[in-house]
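J.: Data file protein-v8.tsv (TSV, C-alpha atoms and all ligand atoms) is appended below.
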chain	number	residue	atom	x	y	z
A	1	MET	CA	-28.78	-15.96	5.88
A	2	THR	CA	-27.23	-16.27	9.30
A	3	ALA	CA	-29.05	-14.76	12.26
A	4	PHE	CA	-27.44	-12.19	14.50
A	5	ASN	CA	-24.89	-13.94	16.73
A	6	GLN	CA	-21.79	-13.38	18.86
A	7	ASN	CA	-19.42	-13.90	15.90
A	8	MET	CA	-20.84	-10.79	14.39
A	9	LEU	CA	-19.54	-8.67	17.24
A	10	THR	CA	-15.93	-8.62	16.11
A	11	ILE	CA	-14.31	-6.71	13.32
A	12	ASP	CA	-10.80	-7.89	12.52
A	13	THR	CA	-8.73	-6.23	9.80
A	14	SER	CA	-5.87	-8.71	10.33
A	15	LYS	CA	-8.08	-11.22	8.48
A	16	SER	CA	-7.75	-9.13	5.35
A	17	ILE	CA	-4.84	-10.92	3.67
A	18	THR	CA	-3.42	-10.15	0.25
A	19	GLN	CA	-3.33	-13.39	-1.70
A	20	LYS	CA	-2.05	-14.35	-5.10
A	21	ILE	CA	-4.69	-15.84	-7.35
A	22	HIS	CA	-4.40	-17.84	-10.53
A	23	LEU	CA	-6.49	-16.64	-13.46
A	24	GLU	CA	-5.63	-18.32	-16.72
A	25	ALA	CA	-6.32	-15.31	-18.95
A	26	PHE	CA	-3.87	-13.20	-16.93
A	27	GLU	CA	-1.23	-15.91	-16.59
A	28	LYS	CA	-1.22	-16.40	-20.36
A	29	LYS	CA	-0.09	-12.80	-20.65
A	30	GLN	CA	2.38	-13.10	-17.74
A	31	ILE	CA	0.46	-10.77	-15.48
A	32	GLU	CA	0.27	-11.56	-11.78
A	33	VAL	CA	-2.98	-10.97	-9.93
A	34	TYR	CA	-3.46	-10.48	-6.19
A	35	ILE	CA	-6.59	-9.88	-4.18
A	36	LYS	CA	-6.86	-7.88	-0.96
A	37	ARG	CA	-9.51	-9.63	1.10
A	38	ASP	CA	-11.41	-6.87	2.90
A	39	ASP	CA	-14.42	-9.15	2.48
A	40	LEU	CA	-12.96	-11.26	5.32
A	41	ILE	CA	-12.95	-8.49	7.92
A	42	HIS	CA	-16.43	-9.37	9.10
A	43	PRO	CA	-19.00	-12.11	8.37
A	44	VAL	CA	-21.70	-9.73	7.19
A	45	ILE	CA	-20.66	-6.11	7.05
A	46	SER	CA	-18.84	-4.74	4.08
A	47	GLY	CA	-15.10	-4.32	4.67
A	48	ASN	CA	-14.66	-0.90	3.19
A	49	LYS	CA	-17.57	0.47	5.22
A	50	TRP	CA	-15.69	-0.35	8.39
A	51	ARG	CA	-12.53	1.29	7.00
A	52	LYS	CA	-14.53	4.44	6.35
A	53	LEU	CA	-15.93	4.58	9.87
A	54	LYS	CA	-12.81	3.88	11.90
A	55	TYR	CA	-11.55	7.47	12.28
A	56	LEU	CA	-15.03	8.94	12.22
A	57	ILE	CA	-15.76	6.95	15.38
A	58	LYS	CA	-12.55	8.27	16.89
A	59	HIS	CA	-13.59	11.81	15.99
A	60	ALA	CA	-17.01	11.21	17.58
A	61	GLN	CA	-15.45	9.90	20.78
A	62	GLU	CA	-12.87	12.65	21.07
A	63	ASN	CA	-15.48	15.33	20.57
A	64	HIS	CA	-18.07	13.86	22.92
A	65	PHE	CA	-20.73	13.00	20.40
A	66	ASN	CA	-22.75	10.08	21.75
A	67	THR	CA	-24.95	9.31	18.74
A	68	LEU	CA	-24.21	8.81	15.05
A	69	VAL	CA	-27.04	9.86	12.75
A	70	SER	CA	-26.89	8.57	9.20
A	71	PHE	CA	-28.82	7.77	6.03
A	72	GLY	CA	-29.29	4.95	3.56
A	73	GLY	CA	-31.53	2.87	1.35
A	74	ALA	CA	-33.03	-0.48	2.29
A	75	TYR	CA	-30.03	-2.35	0.85
A	76	SER	CA	-27.35	-0.02	2.09
A	77	ASN	CA	-24.10	-1.71	3.20
A	78	HIS	CA	-23.26	1.42	5.14
A	79	LEU	CA	-26.06	1.31	7.72
A	80	PRO	CA	-25.32	-2.19	9.09
A	81	ALA	CA	-21.63	-1.27	9.33
A	82	LEU	CA	-22.44	1.95	11.14
A	83	ALA	CA	-24.89	0.22	13.48
A	84	LEU	CA	-22.31	-2.38	14.45
A	85	ALA	CA	-19.39	0.05	14.69
A	86	ALA	CA	-21.46	2.28	16.98
A	87	LYS	CA	-22.49	-0.64	19.15
A	88	LEU	CA	-18.88	-1.86	19.50
A	89	HIS	CA	-17.78	1.60	20.59
A	90	HIS	CA	-20.66	2.24	22.98
A	91	LEU	CA	-22.18	4.94	20.82
A	92	LYS	CA	-25.83	5.14	19.85
A	93	SER	CA	-26.94	5.10	16.23
A	94	VAL	CA	-29.90	6.51	14.35
A	95	ALA	CA	-30.75	6.11	10.67
A	96	PHE	CA	-33.12	7.72	8.24
A	97	VAL	CA	-34.02	4.97	5.80
A	98	ARG	CA	-35.34	5.78	2.33
A	99	GLY	CA	-38.86	4.36	1.88
A	100	ASN	CA	-41.76	4.84	4.29
A	101	GLU	CA	-43.27	1.52	3.18
A	102	LEU	CA	-40.39	-0.30	4.91
A	103	ASN	CA	-39.95	-1.49	8.48
A	104	ILE	CA	-37.29	-3.26	10.54
A	105	GLU	CA	-38.53	-6.64	9.28
A	106	SER	CA	-38.27	-5.72	5.59
A	107	ASN	CA	-34.90	-7.37	5.04
A	108	GLU	CA	-31.90	-8.92	6.77
A	109	LYS	CA	-29.83	-5.76	6.67
A	110	LEU	CA	-32.48	-3.68	8.40
A	111	LYS	CA	-33.01	-6.46	10.94
A	112	PHE	CA	-29.29	-6.52	11.62
A	113	CYS	CA	-29.30	-2.74	12.18
A	114	HIS	CA	-32.17	-3.10	14.60
A	115	ASP	CA	-30.43	-5.95	16.43
A	116	CYS	CA	-27.40	-3.69	16.89
A	117	GLY	CA	-29.64	-1.16	18.61
A	118	MET	CA	-29.97	1.31	15.77
A	119	GLN	CA	-33.04	3.51	15.93
A	120	MET	CA	-34.63	3.77	12.48
A	121	HIS	CA	-36.91	6.31	10.88
A	122	PHE	CA	-38.50	5.26	7.59
A	123	VAL	CA	-39.09	8.37	5.49
A	124	ASP	CA	-40.58	8.91	2.06
A	125	ARG	CA	-38.30	9.42	-0.90
A	126	ASN	CA	-38.95	13.11	-1.13
A	127	GLU	CA	-38.21	13.84	2.49
A	128	TYR	CA	-35.11	11.65	2.27
A	129	LYS	CA	-33.56	13.92	-0.35
A	130	ASP	CA	-32.85	16.73	2.12
A	131	LYS	CA	-30.55	15.04	4.59
A	132	PRO	CA	-29.30	18.18	6.35
A	133	LYS	CA	-32.92	19.18	6.99
A	134	LEU	CA	-33.81	15.77	8.43
A	135	PHE	CA	-30.82	16.05	10.69
A	136	ASN	CA	-31.36	19.67	11.75
A	137	ASP	CA	-35.08	19.27	12.38
A	138	ASN	CA	-34.59	16.26	14.62
A	139	TYR	CA	-31.06	16.06	15.98
A	140	ASN	CA	-29.60	19.51	16.07
A	141	THR	CA	-27.79	19.35	19.40
A	142	ALA	CA	-24.18	18.77	20.38
A	143	GLU	CA	-24.44	15.07	21.13
A	144	PHE	CA	-25.45	14.06	17.57
A	145	LEU	CA	-22.97	13.63	14.74
A	146	PHE	CA	-24.19	13.83	11.12
A	147	VAL	CA	-22.74	10.99	9.03
A	148	ASP	CA	-23.39	11.27	5.31
A	149	GLU	CA	-24.85	8.49	3.16
A	150	GLY	CA	-22.30	5.79	2.39
A	151	GLY	CA	-20.05	7.00	5.24
A	152	LYS	CA	-18.54	9.68	3.05
A	153	SER	CA	-16.36	12.08	5.07
A	154	ILE	CA	-12.83	13.37	5.35
A	155	TYR	CA	-12.39	11.00	8.30
A	156	ALA	CA	-12.93	8.08	5.94
A	157	LEU	CA	-9.71	8.74	4.03
A	158	GLY	CA	-7.26	7.68	6.75
A	159	GLY	CA	-9.01	4.38	7.33
A	160	CYS	CA	-9.06	3.58	3.62
A	161	ALA	CA	-5.41	4.60	3.24
A	162	GLU	CA	-4.57	1.81	5.69
A	163	ILE	CA	-5.62	-0.71	3.04
A	164	VAL	CA	-2.44	0.30	1.17
A	165	GLU	CA	-0.18	-0.24	4.19
A	166	GLU	CA	-1.48	-3.79	4.40
A	167	ILE	CA	-0.81	-4.59	0.73
A	168	GLU	CA	2.90	-5.25	0.98
A	169	LEU	CA	3.46	-5.28	-2.73
A	170	ASP	CA	4.74	-2.75	-5.24
A	171	ALA	CA	2.04	-3.42	-7.82
A	172	GLN	CA	1.61	-1.20	-10.88
A	173	HIS	CA	-2.18	-1.44	-10.91
A	174	ILE	CA	-4.76	-1.37	-8.12
A	175	LEU	CA	-8.44	-1.83	-8.93
A	176	LEU	CA	-11.43	-1.20	-6.71
A	177	PRO	CA	-15.16	-0.59	-7.14
A	178	VAL	CA	-16.52	2.95	-6.71
A	179	GLY	CA	-19.84	4.14	-5.29
A	180	THR	CA	-19.10	7.52	-3.69
A	181	GLY	CA	-15.36	7.37	-4.47
A	182	THR	CA	-14.34	7.78	-0.84
A	183	THR	CA	-12.53	4.44	-0.68
A	184	LEU	CA	-10.74	5.26	-3.91
A	185	ALA	CA	-9.65	8.65	-2.56
A	186	GLY	CA	-8.28	7.04	0.61
A	187	VAL	CA	-6.40	4.35	-1.29
A	188	ALA	CA	-4.97	6.97	-3.67
A	189	LEU	CA	-3.80	8.97	-0.66
A	190	GLY	CA	-2.16	5.90	0.85
A	191	CYS	CA	-0.42	5.09	-2.43
A	192	ASN	CA	0.83	8.64	-2.79
A	193	ASP	CA	2.83	8.13	0.41
A	194	LEU	CA	3.77	4.47	0.09
A	195	ARG	CA	3.42	3.24	-3.50
A	196	PRO	CA	4.48	6.04	-5.83
A	197	HIS	CA	4.52	3.71	-8.86
A	198	ALA	CA	0.97	2.46	-8.47
A	199	LYS	CA	-1.95	3.62	-10.57
A	200	ILE	CA	-5.35	3.24	-8.91
A	201	TYR	CA	-8.39	2.53	-11.07
A	202	GLY	CA	-11.85	3.15	-9.66
A	203	ILE	CA	-14.45	1.03	-11.40
A	204	VAL	CA	-17.56	3.21	-11.21
A	205	VAL	CA	-20.64	1.02	-10.67
A	206	LEU	CA	-23.13	3.78	-11.53
A	207	LYS	CA	-24.03	4.91	-15.02
A	208	GLY	CA	-23.54	8.57	-15.95
A	209	ALA	CA	-21.76	9.39	-12.70
A	210	GLU	CA	-19.14	11.74	-14.16
A	211	TYR	CA	-19.83	14.12	-11.23
A	212	LEU	CA	-17.74	11.70	-9.19
A	213	ASN	CA	-14.59	12.99	-10.89
A	214	ASP	CA	-15.08	16.36	-9.16
A	215	GLU	CA	-16.13	14.80	-5.88
A	216	VAL	CA	-13.03	12.64	-5.65
A	217	ALA	CA	-10.86	15.56	-6.77
A	218	SER	CA	-12.30	17.64	-3.94
A	219	LEU	CA	-11.29	14.96	-1.42
A	220	VAL	CA	-7.74	14.58	-2.76
A	221	PRO	CA	-7.08	17.72	-4.82
A	222	ASN	CA	-3.38	17.22	-5.45
A	223	LEU	CA	-3.32	13.61	-6.52
A	224	ARG	CA	-2.86	12.38	-10.07
A	225	ASN	CA	-2.27	8.69	-9.34
A	226	TYR	CA	-5.83	7.54	-9.85
A	227	GLU	CA	-8.44	7.39	-12.56
A	228	LEU	CA	-12.19	6.85	-12.43
A	229	LEU	CA	-13.32	4.48	-15.17
A	230	HIS	CA	-16.90	5.08	-16.25
A	231	GLU	CA	-17.31	2.44	-18.93
A	232	TYR	CA	-17.54	-0.70	-16.79
A	233	HIS	CA	-20.88	-0.16	-15.00
A	234	GLN	CA	-22.53	-3.02	-16.98
A	235	GLY	CA	-25.80	-1.11	-17.32
A	236	GLY	CA	-25.91	0.94	-14.13
A	237	TYR	CA	-26.26	0.66	-10.38
A	238	ALA	CA	-27.51	-2.77	-9.28
A	239	LYS	CA	-27.97	-3.79	-12.92
A	240	THR	CA	-26.46	-7.00	-14.17
A	241	ASN	CA	-25.86	-8.59	-17.56
A	242	ALA	CA	-24.64	-11.92	-18.92
A	243	TYR	CA	-21.00	-10.79	-19.12
A	244	LEU	CA	-20.97	-9.71	-15.49
A	245	GLU	CA	-22.64	-12.86	-14.24
A	246	GLU	CA	-20.27	-15.04	-16.21
A	247	ALA	CA	-17.26	-13.14	-14.87
A	248	ILE	CA	-18.47	-13.66	-11.29
A	249	ARG	CA	-19.03	-17.38	-11.87
A	250	ASN	CA	-15.70	-17.90	-13.63
A	251	PHE	CA	-13.85	-15.99	-10.97
A	252	TYR	CA	-15.45	-18.14	-8.29
A	253	LYS	CA	-14.61	-21.31	-10.19
A	254	ASP	CA	-10.95	-20.33	-10.48
A	255	THR	CA	-10.44	-18.87	-6.99
A	256	GLN	CA	-13.29	-20.06	-4.72
A	257	ILE	CA	-13.75	-16.39	-3.83
A	258	LYS	CA	-17.27	-14.98	-3.89
A	259	THR	CA	-18.03	-11.58	-5.32
A	260	GLU	CA	-21.39	-9.92	-5.94
A	261	PRO	CA	-22.91	-8.08	-8.90
A	262	ILE	CA	-23.22	-4.60	-7.35
A	263	TYR	CA	-19.62	-3.76	-6.47
A	264	SER	CA	-16.90	-6.41	-6.29
A	265	GLY	CA	-18.20	-8.39	-9.27
A	266	LYS	CA	-18.10	-5.30	-11.46
A	267	MET	CA	-14.46	-4.83	-10.56
A	268	ILE	CA	-13.77	-8.44	-11.57
A	269	ALA	CA	-15.60	-8.02	-14.88
A	270	ALA	CA	-13.68	-4.78	-15.51
A	271	ALA	CA	-10.36	-6.50	-14.77
A	272	TYR	CA	-11.06	-9.09	-17.48
A	273	GLN	CA	-12.14	-6.37	-19.91
A	274	MET	CA	-9.09	-4.22	-19.17
A	275	LEU	CA	-6.90	-7.25	-19.76
A	276	GLU	CA	-8.55	-7.83	-23.14
A	277	GLN	CA	-8.06	-4.16	-23.96
A	278	GLY	CA	-4.32	-4.52	-23.35
A	279	LEU	CA	-4.13	-2.16	-20.37
A	280	PHE	CA	-1.83	-4.46	-18.39
A	281	LYS	CA	1.62	-5.47	-19.65
A	282	ALA	CA	3.64	-8.67	-19.26
A	283	GLY	CA	5.57	-8.71	-15.99
A	284	GLU	CA	3.16	-6.34	-14.23
A	285	GLN	CA	1.14	-6.95	-11.09
A	286	VAL	CA	-2.52	-6.18	-10.54
A	287	VAL	CA	-4.14	-5.93	-7.11
A	288	LEU	CA	-7.92	-6.27	-6.83
A	289	VAL	CA	-9.38	-4.79	-3.64
A	290	HIS	CA	-12.32	-6.95	-2.59
A	291	THR	CA	-14.42	-4.46	-0.65
A	292	GLY	CA	-16.88	-7.10	0.58
A	293	GLY	CA	-20.61	-6.72	0.24
A	294	ILE	CA	-21.36	-10.40	-0.36
A	295	TRP	CA	-23.93	-10.61	2.42
A	296	LEU	CA	-27.12	-10.67	0.39
A	297	HIS	CA	-25.66	-12.78	-2.34
A	298	THR	CA	-24.11	-15.68	-0.50
A	299	THR	CA	-27.29	-17.70	-0.99
A	300	ASP	CA	-27.93	-16.53	-4.54
A	301	LYS	CA	-27.99	-19.71	-6.61
A	302	LYS	CA	-26.95	-17.86	-9.73
A	303	PHE	CA	-23.46	-17.37	-8.36
B	1	LIG	C1	-20.12	0.97	-0.42
B	1	LIG	C2	-19.33	-0.04	-1.14
B	1	LIG	C3	-18.40	0.32	-2.14
B	1	LIG	C4	-18.20	1.73	-2.58
B	1	LIG	O1	-17.39	2.46	-1.72
B	1	LIG	P1	-17.23	4.05	-1.91
B	1	LIG	O2	-16.24	4.44	-0.90
B	1	LIG	O3	-18.59	4.64	-1.63
B	1	LIG	O4	-16.83	4.33	-3.29
B	1	LIG	C5	-17.66	-0.69	-2.73
B	1	LIG	N1	-17.84	-1.97	-2.39
B	1	LIG	C6	-18.73	-2.36	-1.45
B	1	LIG	C7	-18.87	-3.79	-1.15
B	1	LIG	C8	-19.51	-1.41	-0.80
B	1	LIG	O5	-20.40	-1.80	0.13
Rewrite the coordinates I just gave you, this time as structure tokens.
Ligand SMILES: *Cc1c(COP(=O)(O)O)cnc(C)c1O
T.:
Amino acid sequence: MTAFNQNMLTIDTSKSITQKIHLEAFEKKQIEVYIKRDDLIHPVISGNKWRKLKYLIKHAQENHFNTLVSFGGAYSNHLPALALAAKLHHLKSVAFVRGNELNIESNEKLKFCHDCGMQMHFVDRNEYKDKPKLFNDNYNTAEFLFVDEGGKSIYALGGCAEIVEEIELDAQHILLPVGTGTTLAGVALGCNDLRPHAKIYGIVVLKGAEYLNDEVASLVPNLRNYELLHEYHQGGYAKTNAYLEEAIRNFYKDTQIKTEPIYSGKMIAAAYQMLEQGLFKAGEQVVLVHTGGIWLHTTDKKF
């Protein structure tokens, strides 16, 4: 794991290229595969988390909030992104972290947050459940902006829609991993304007998360160009299995692109399964959106 350094102080979406990759199983069926490299936006923070924060930061600045207050678990990808985004825009950041046994030294992500100047409160799991109460009891004045767990907000949609503008390709299928579904909603919105022939598939990484269908529908009520797929979670959130691990390793062998088992790897595994299930046809194009998140796994020997 790399220590906090100057390279970590830039976020650059122009690094997120769309590249064609060669996967034998797809080529055999004459299907082209491309990958949108949001994992390259920043050395440690997760690409889609930055997308989600871009217009939220603008909203904060325009409305004279000076501090972002948010929430997350010990391994959240959202908190490091928020801590850095706040620092780069001269805003302060505060986080309620789930788990009162933790501290800023507990892992690299929390250390990174601290190094960015984020103030952290470690709260027990019960207290953590009521986020509005934590916010209202401690930060209920005009300078503090509540930012939901995972960066979920209506401001996130515009930033995620920009992913579509950057994929200059009229692909029939776009795949991306889903946690809260905010990134999916933004990409679906972008496609509605720019890629009317595309179908967007959200690979849900949680088990039994059918409630997400309603949550995404509430963000983009009029769209029919997307679908949440609930059968590719490989056991549930942060769970792995032999199929998933093999898919990640094979994908790396063929492309030299790293993915991880929580989000991007599940999308890769799902892509192979969808191919086997005959969901893509000869002559079609598939775009995989690599949302990043490889931070903790770059040194994992298994991959
Ligand atoms: C948070 C995260 C997601 C999920 O994004 P949502 O907008 O919450 O669905 C996907 N991939 C990575 C790498 C993430 O960190």
J.: Output the neighbourhood of ligand LIG 1 (chain B) as a short mmCIF file (atom, residue, chain, number, x, y, z; two decimals) with C-alpha atoms, in the coordinates of the input, that is, all protein and nucleic acid residues with some atom at most 7 Å from the ligand, counting all atoms listed in the file.
T.:
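Dumped to part-v8.cif:
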data_model
loop_
_atom_site.label_atom_id
_atom_site.label_comp_id
_atom_site.auth_asym_id
_atom_site.auth_seq_id
_atom_site.Cartn_x
_atom_site.Cartn_y
_atom_site.Cartn_z
CA SER A 46 -18.84 -4.74 4.08
CA GLY A 47 -15.10 -4.32 4.67
CA ASN A 48 -14.66 -0.90 3.19
CA LYS A 49 -17.57 0.47 5.22
CA ASN A 77 -24.10 -1.71 3.20
CA HIS A 78 -23.26 1.42 5.14
CA GLY A 150 -22.30 5.79 2.39
CA LYS A 152 -18.54 9.68 3.05
CA PRO A 177 -15.16 -0.59 -7.14
CA VAL A 178 -16.52 2.95 -6.71
CA GLY A 179 -19.84 4.14 -5.29
CA THR A 180 -19.10 7.52 -3.69
CA GLY A 181 -15.36 7.37 -4.47
CA THR A 182 -14.34 7.78 -0.84
CA THR A 183 -12.53 4.44 -0.68
CA LEU A 184 -10.74 5.26 -3.91
CA TYR A 263 -19.62 -3.76 -6.47
CA SER A 264 -16.90 -6.41 -6.29
CA THR A 291 -14.42 -4.46 -0.65
CA GLY A 292 -16.88 -7.10 0.58
CA GLY A 293 -20.61 -6.72 0.24
#
J.: With only C-alpha atoms as the counted atoms, please give the residues lying no more than 6 Å from stretch 24-33 of chain A, apart from itself and same-chain residues fewer than 6 positions off, as a list in words.
T.: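 Selected residues are Ala282, Gly283, Glu284, Gln285, Val286 and Val287 of chain A.
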J.: Rank A:Thr240, A:Asn213, A:Asn225, A:Gln273 by their smallest atom-to-atom distance to A:Ile200, using only C-alpha atoms, and report the top residue only.
T.: A:Asn225
J.: Could you tell me which of A:Val69, A:Ala86, A:Ala198, A:Ile104 comes closest to A:Gln172 if we count all atoms listed in the file?
T.: A:Ala198
J.: Measuring between only C-alpha atoms, which one of A:Glu101, A:Asp38, A:Leu23, A:Asp148 shows the shortest distance to A:Leu53?
T.: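 Smallest separation from A:Leu53 among the options: A:Asp148.
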J.: From the set A:Ala161, A:Gly72, A:Leu169, A:Phe144, which residue has the shortest atom-to-atom contact distance to A:His121, counting only C-alpha atoms?
T.: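 Using only C-alpha atoms, A:His121 sits closest to A:Gly72.
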J.: Record the distance separating atom CA of A:Gly99 and atom CA of A:Ser76, expressed in Å with one decimal.
T.: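 Separation of atom CA of A:Gly99 and atom CA of A:Ser76: 12.3 Å.
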J.: Calculate how many Å separate atom CA of A:Pro221 from atom CA of A:Lys199, rounding to one decimal.
T.: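 Result for atom CA of A:Pro221 versus atom CA of A:Lys199: 16.1 Å, one decimal.
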J.: For A:His290, which residue among A:Asn250, A:Asn103, A:Asn140, A:Thr18 is the nearest when counting all atoms listed in the file?
T.: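 Counting all atoms listed in the file, the residue closest to A:His290 is A:Thr18.
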J.: Pick from A:Leu223, A:Ile248, A:Leu228, A:Met274: nearest to A:Tyr211, with all atoms listed in the file counted?
T.: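 Among A:Leu223, A:Ile248, A:Leu228, A:Met274, it is A:Leu228 that comes nearest to A:Tyr211.
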J.: Near A:Leu176, counting all atoms listed in the file, which residues have an atom at most 7 Å away, once you skip same-chain residues fewer than 2 positions from it, shown as a list of chain:residue names?
T.: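 Within the cut-off, the hits are A:Ile174, A:Val178, A:Tyr201, A:Gly202, A:Ile203, A:Met267, A:Leu288, A:Val289.
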J.: Just write stretch 202-214 of chain A with N, CA and C atoms, as a PDB file, in the first residue's frame, taken from the block above.
T.:
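Okay, out27.pdb is ready:
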ATOM      1  N   GLY A 202     -27.312  -3.323 -14.434  1.00  0.00           N
ATOM      2  CA  GLY A 202     -26.670  -3.132 -13.136  1.00  0.00           C
ATOM      3  C   GLY A 202     -26.477  -4.470 -12.457  1.00  0.00           C
ATOM      4  N   ILE A 203     -25.229  -4.831 -12.227  1.00  0.00           N
ATOM      5  CA  ILE A 203     -24.933  -6.103 -11.565  1.00  0.00           C
ATOM      6  C   ILE A 203     -24.950  -5.844 -10.055  1.00  0.00           C
ATOM      7  N   VAL A 204     -26.015  -6.281  -9.403  1.00  0.00           N
ATOM      8  CA  VAL A 204     -26.191  -5.992  -7.977  1.00  0.00           C
ATOM      9  C   VAL A 204     -25.252  -6.895  -7.165  1.00  0.00           C
ATOM     10  N   VAL A 205     -24.416  -6.280  -6.336  1.00  0.00           N
ATOM     11  CA  VAL A 205     -23.403  -7.046  -5.594  1.00  0.00           C
ATOM     12  C   VAL A 205     -23.919  -7.528  -4.234  1.00  0.00           C
ATOM     13  N   LEU A 206     -25.123  -7.082  -3.868  1.00  0.00           N
ATOM     14  CA  LEU A 206     -25.718  -7.524  -2.601  1.00  0.00           C
ATOM     15  C   LEU A 206     -26.752  -8.603  -2.878  1.00  0.00           C
ATOM     16  N   LYS A 207     -26.936  -9.466  -1.878  1.00  0.00           N
ATOM     17  CA  LYS A 207     -27.929 -10.528  -2.003  1.00  0.00           C
ATOM     18  C   LYS A 207     -29.261 -10.040  -1.428  1.00  0.00           C
ATOM     19  N   GLY A 208     -30.357 -10.356  -2.114  1.00  0.00           N
ATOM     20  CA  GLY A 208     -31.678  -9.988  -1.584  1.00  0.00           C
ATOM     21  C   GLY A 208     -31.906  -8.496  -1.547  1.00  0.00           C
ATOM     22  N   ALA A 209     -31.378  -7.773  -2.526  1.00  0.00           N
ATOM     23  CA  ALA A 209     -31.478  -6.309  -2.504  1.00  0.00           C
ATOM     24  C   ALA A 209     -32.510  -5.817  -3.518  1.00  0.00           C
ATOM     25  N   GLU A 210     -33.648  -6.528  -3.587  1.00  0.00           N
ATOM     26  CA  GLU A 210     -34.687  -6.145  -4.553  1.00  0.00           C
ATOM     27  C   GLU A 210     -35.229  -4.740  -4.297  1.00  0.00           C
ATOM     28  N   TYR A 211     -35.095  -4.247  -3.047  1.00  0.00           N
ATOM     29  CA  TYR A 211     -35.525  -2.866  -2.743  1.00  0.00           C
ATOM     30  C   TYR A 211     -34.837  -1.842  -3.649  1.00  0.00           C
ATOM     31  N   LEU A 212     -33.684  -2.237  -4.205  1.00  0.00           N
ATOM     32  CA  LEU A 212     -32.959  -1.308  -5.073  1.00  0.00           C
ATOM     33  C   LEU A 212     -33.758  -0.960  -6.331  1.00  0.00           C
ATOM     34  N   ASN A 213     -34.617  -1.885  -6.770  1.00  0.00           N
ATOM     35  CA  ASN A 213     -35.428  -1.589  -7.963  1.00  0.00           C
ATOM     36  C   ASN A 213     -36.230  -0.305  -7.753  1.00  0.00           C
ATOM     37  N   ASP A 214     -36.868  -0.194  -6.568  1.00  0.00           N
ATOM     38  CA  ASP A 214     -37.659   1.001  -6.267  1.00  0.00           C
ATOM     39  C   ASP A 214     -36.779   2.225  -6.071  1.00  0.00           C
TER      40      ASP A 214
END
